[in-house]
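Asks: Okay, here's the structure, questions in a sec.
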There are 2 protein chains.
Amino acid sequence: MNKRIADLNRYLADKGLKITRQREAVAQVFFDTDGHISAEELYVKVSRSYPGVGLTTVYRTLKLLKEAGLAKERRFAEDSQGVFEKEDTARHHDHLICIRCGKIVEFKEPLIEKLQDEVAQRHGFSVEDHKMELYGLCSSCRTA
Amino acid sequence: MNKRIADLNRYLADKGLKITRQREAVAQVFFDTDGHISAEELYVKVSRSYPGVGLTTVYRTLKLLKEAGLAKERRFAEDSQGVFEKEDTARHHDHLICIRCGKIVEFKEPLIEKLQDEVAQRHGFSVEDHKMELYGLCSSCRTA
DNA sequence: TGAGAACATGATAATCAATTTCAATTACCG
DNA sequence: CGGTAATTGAAATTGATTATCATGTTCTCA
Ligand SMILES: [Mn+2]
Ligand SMILES: [Mn+2]
Ligand SMILES: [Zn+2]
Ligand SMILES: [Zn+2]
């Protein structure tokens with residue numbers, strides 16, 4: 001029924017961890033969410049459908065989802081809270097962020113990623129992951 | 001004598017702020033430091049030459065240096081503390097970080113920056129700043 | 001099926017970098 | 001110099017995240 005929930009359950013089983021009501025509730029609401037969401041926001045959202053799930057458990061479940069490769073944490077400049085989004089290595093992307101209105105656009109630029117690998121190689125590094133964020137003004141904010 | 005201290009003093013005068021012993025001490029030690037340093041580390045270093053300067057003032061002075069365009073704060077993954085380095089727009093660079101030993105290599109790749117601008121433009125954005133960090137394994141850590 | 005071991009939960013406390021508060025001190029413009 | 005606004009540093013506070021711990025649940029295996 002839900003592939004991602006199945007992936008999570010498989011991960012839990014492999015690690016000798018348990019499938020619980022709370023984990024499924026948090027994961028389900030998270031997987032039904034598009035874009036970026038903080039632990040606090042997810043906690044509020046989960047609480048609507050499944051009251052009684054603690055904020056601590058939301059944090060713990062998000063950490064599990066990261067470990068399982070199902071969620072990715074982002075930490076944009078100026079935001080004190082981390083935000084999470086669904087992870088899918090095939091759908092890797094980076095971010096353009098408007099410093100005035102906060103608008104976020106996701107993009108993918110394979111040519112840049114290729115150059116990143118080359119730069120790294122030149123310095124003897126292999127790249128496992130990268131962070132690239134472009135901060136600027138969106139068209140609305142620029143003309144305003 | 002010291003161009004950067006002069007720059008700072010000019011900035012302070014412009015803003016109606018005051019030139020103090022403490023600010024000069026913190027700034028001087030910071031400007032004499034190469035690489036990345038945290039507020040705590042800078043505080044310890046300053047305390048050796050100028051005892052009695054508070055940690056709060058170190059934080060406040062670093063914030064001033066950022067505002068004056070003389071320092072840049074970086075927040076690398078896994079580091080809970082921010083680190084600071086001298087800012088010099090002409091000498092902009094990005095970072096390669098070894099996820100095992102923490103080694104940091106600085107690099108500059110104008111071609112990537114050009115592509116970043118193009119991507120942004122394609123989405124109607126103008127780029128004011130960007131963050132690019134490549135995380136991987138350095139040659140020593142890879143062969144070990 | 002059920003007992004028990006291991007794991008999970010959630011309220012609360014702790015952490016930790018960074019900021020705020022505030023009374024005392026200092027810079028600097030006349 | 002004198003007055004005013006800015007600065008300082010110690011201590012308190014903040015805010016996100018993690019640790020603790022007593023209690024509850026899951027799941028294995030006999
Ligand atoms: Mn995204
Ligand atoms: Mn650097
Ligand atoms: Zn905008
Ligand atoms: Zn290394």
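Labels for the structure tokens follow display order: chains A, B, ..., residues from 1 in each chain, ligands from 1.
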With all C-alpha atoms matched in order and chain B superposed on chain A by least squares, what's the RMSD to one decimal?
Replies: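 Across all paired C-alpha atoms, the RMSD is 0.1 Å.
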Asks: Contacts from chain C to chain A, 8 Å maximum, only C-alpha atoms (C1' of nucleotides): show me the residue list as a VMD selection string.
Replies: chain C and resid 7 to 10
Asks: DSSP on the backbone, then: every residue of chain B marked helix (DSSP H, G or I), written as a ChimeraX atom specification.
Replies: /B:3-14,21-31,39-49,55-67,89-91,110-122,139-143
Asks: Please provide as a PyMOL selection string all residues within 7 Å of range 8-19 of chain D, with the sequence filter that same-chain residues fewer than 3 positions apart are discarded (counting only C-alpha atoms (C1' of nucleotides)).
Replies: (chain A and resi 81) or (chain B and resi 54) or (chain C and resi 14+20)
Asks: Store the residues of this selection in a file with C-alpha atoms (C1' of nucleotides), as a PDB file, in the first residue's frame.
Replies:
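Contents of the output file part04.pdb:
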ATOM      1  CA  GLN A  81      15.300  25.133  13.168  1.00  0.00           C
TER       2      GLN A  81
ATOM      3  CA  GLY B  54      34.295  38.899  28.088  1.00  0.00           C
TER       4      GLY B  54
ATOM      5  C1'  DA C  14      19.639  18.843  30.817  1.00  0.00           C
ATOM      6  C1'  DT C  20      19.325  39.434  26.348  1.00  0.00           C
TER       7       DT C  20
END
Asks: Taking only C-alpha atoms (C1' of nucleotides) and all ligand atoms and a cut-off of 9 Å, can you tell me which residues surround ligand 3, written as a compact mmCIF listing (two decimals) with C-alpha atoms, in the first residue's frame?
Replies:
# COMPACT_ATOMS: atom_id res chain seq x y z
CA ILE A 97 16.35 30.91 -1.48
CA CYS A 98 14.95 34.44 -1.54
CA ILE A 99 16.51 36.42 1.26
CA ARG A 100 13.55 38.76 1.42
CA CYS A 101 10.38 36.65 1.23
CA GLY A 102 11.82 33.23 1.97
CA LYS A 103 10.60 31.68 -1.25
CA ILE A 104 12.42 28.45 -2.04
CA GLY A 136 19.34 36.07 -3.55
CA LEU A 137 16.20 37.91 -4.56
CA CYS A 138 13.31 36.39 -6.43
CA SER A 139 11.78 38.32 -9.30
CA SER A 140 8.90 39.72 -7.23
CA CYS A 141 11.20 40.94 -4.48
CA ARG A 142 13.68 42.43 -6.93
CA PHE B 125 16.62 35.05 -9.11
Asks: Near chain A, meaning an atom within 6 Å, which residues of chain B appear when counting only C-alpha atoms? Write them as a PyMOL selection string.
Replies: chain B and resi 112+124-139
Asks: What residues of the protein or nucleic acid chains come within 7 Å of ligand 1 when you use only C-alpha atoms (C1' of nucleotides) and all ligand atoms? Reply as a tab-separated table (two decimals) with N, CA and C atoms, in the first residue's frame.
Replies:
chain	number	residue	atom	x	y	z
A	35	GLY	N	7.45	19.27	0.37
A	35	GLY	CA	8.27	20.44	0.75
A	35	GLY	C	9.00	20.22	2.06
A	36	HIS	N	9.31	21.31	2.73
A	36	HIS	CA	10.16	21.27	3.92
A	36	HIS	C	9.33	21.50	5.17
A	85	GLU	N	12.77	16.89	4.59
A	85	GLU	CA	11.99	16.60	3.40
A	85	GLU	C	12.26	15.16	3.01
A	93	HIS	N	18.32	17.31	-5.19
A	93	HIS	CA	18.21	18.67	-5.70
A	93	HIS	C	18.85	19.64	-4.73
A	94	ASP	N	19.09	20.85	-5.21
A	94	ASP	CA	19.61	21.91	-4.36
A	94	ASP	C	18.61	23.06	-4.32
A	95	HIS	N	18.96	24.15	-3.64
A	95	HIS	CA	17.95	25.18	-3.36
A	95	HIS	C	18.38	26.60	-3.68
A	106	GLU	N	13.53	24.69	-5.93
A	106	GLU	CA	14.44	23.55	-5.98
A	106	GLU	C	14.96	23.40	-7.40
Asks: Quick one, how far is CA of Pro51 in chain A from CA of Gly69 in chain A?
Replies: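 Atom-to-atom, CA of Pro51 in chain A and CA of Gly69 in chain A are spaced 26.6 Å apart.
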Asks: Find the residue from A:Leu8, A:Leu64, A:Val26, A:Ala13 that sits nearest to chain D; use only C-alpha atoms (C1' of nucleotides) when measuring.
Replies: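 Closest to chain D of all the choices is A:Ala13.
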Asks: Could you check how far CA of Leu70 in chain A sits from CA of Ser80 in chain B, in Å to one decimal?
Replies: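 These atoms are spaced 23.6 Å apart.
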Asks: Calculated over only C-alpha atoms and all ligand atoms, which of the candidates B:Val44, B:Glu118, B:Arg60, B:Ile37 has the smallest distance to ligand 2?
Replies: B:Ile37
Asks: Please compute the C1' of DT7 in chain D-CA of Gln28 in chain B distance, one decimal, in Å.
Replies: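 So the two atoms, C1' of DT7 in chain D and CA of Gln28 in chain B, lie 18.2 Å apart.
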Asks: Ranking A:Ala27, A:Val58, A:Ala71, A:Leu65 by minimum distance to chain D and counting only C-alpha atoms (C1' of nucleotides), which one comes first?
Replies: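 Once distances to chain D are computed over only C-alpha atoms (C1' of nucleotides), the minimum belongs to A:Val58.
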